[in-house]
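Enquirer: One structure coming up, written as structure tokens, with questions to follow.
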Amino acid sequence: MIYIMNALLIIGGVTALIGTLGCFRFKDFLSRTHAASIVETFSTLLIISALIIHSGFSLFSLKLILILIFLYVTGSTAIHALTQAFLKHQDNKEKK
């Protein structure tokens, strides 16, 4: 069980690091937000899953699941709002 937990933590950390590097390497805003959103959700899932395995079935694991759901909802909403604001700003630039 500890090997699974360690593997999830390592893979989650590596994917977060790769996503951070991708945010610096991409040229435009939309590619950066895409890289950030995909990696953020996947690495968060892996790391919180490792913490759930570590804590076992308890009230703490239920709280972690609720945190994971909250992060998924707010992260997706925030990236969508940023993208929509960017596209609206681009349309206003083209009209001028």
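Residues in the structure tokens are named by chain (A, B, ... in the order shown) and by number from 1 within that chain; ligands are numbered from 1 in the order shown.
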Counting only C-alpha atoms, what is within 12 Å of Ala7 in chain A, bar same-chain residues fewer than 4 positions away, as an mmCIF file with C-alpha atoms, in the first residue's frame?

Expert:
```cif
data_model
loop_
_atom_site.group_PDB
_atom_site.id
_atom_site.type_symbol
_atom_site.label_atom_id
_atom_site.label_comp_id
_atom_site.auth_asym_id
_atom_site.auth_seq_id
_atom_site.Cartn_x
_atom_site.Cartn_y
_atom_site.Cartn_z
ATOM 1 C CA MET A 1 0.000 0.000 0.000
ATOM 2 C CA ILE A 2 2.832 2.360 0.781
ATOM 3 C CA TYR A 3 4.342 1.726 -2.654
ATOM 4 C CA ILE A 11 3.772 10.911 -10.401
ATOM 5 C CA GLY A 12 1.594 13.776 -9.131
ATOM 6 C CA GLY A 13 4.642 15.894 -8.334
ATOM 7 C CA VAL A 14 6.287 15.151 -11.668
ATOM 8 C CA LEU A 46 -3.007 11.878 -7.891
ATOM 9 C CA ILE A 47 -1.738 13.695 -4.799
ATOM 10 C CA SER A 49 -5.576 10.026 -3.876
ATOM 11 C CA ALA A 50 -2.227 9.256 -2.256
ATOM 12 C CA LEU A 51 -3.291 11.162 0.859
ATOM 13 C CA ILE A 53 -4.701 5.936 0.746
#
```

Enquirer: Give me the residues near range 78-80 of chain A as a PyMOL selection string, where near means some atom within 7 Å (using only C-alpha atoms) and where sequence neighbours in that chain fewer than 4 positions away do not count.

Expert: chain A and resi 33+37+74+84

Enquirer: Which value, in Å to one decimal, gives the distance between CA of Ile69 in chain A and CA of Leu8 in chain A?

Expert: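 Answer for the CA of Ile69 in chain A to CA of Leu8 in chain A separation: 18.3 Å.
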
Enquirer: Give me, please, the distance in Å between CA of Thr41 in chain A and CA of Leu82 in chain A, quoted to one decimal.

Expert: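 The value is 16.3 Å.
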
Enquirer: So the first atom is CA of Leu45 in chain A and the second is CA of Gly22 in chain A; what is the distance between them in Å, to one decimal place?

Expert: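 Distance reported for this atom pair: 18.9 Å.
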
Enquirer: Looking at A:Ile4, A:Ala35, A:Leu66, A:Leu30, which one is nearest to Leu17 in chain A, with distances taken over only C-alpha atoms?

Expert: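 That would be A:Ala35, the residue with the smallest distance to Leu17 in chain A.
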
Enquirer: Could you check which of A:Ser61, A:Leu71, A:Asn6, A:Thr83 is closest to Arg32 in chain A, using only C-alpha atoms?

Expert: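 Among the listed residues, A:Thr83 lies closest to Arg32 in chain A.
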
Enquirer: Using only C-alpha atoms, which residue out of A:Phe24, A:Asn92, A:Phe29, A:Leu9 lies closest to Ile48 in chain A?

Expert: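 Looking at the shortest contact to Ile48 in chain A, the residue is A:Leu9.
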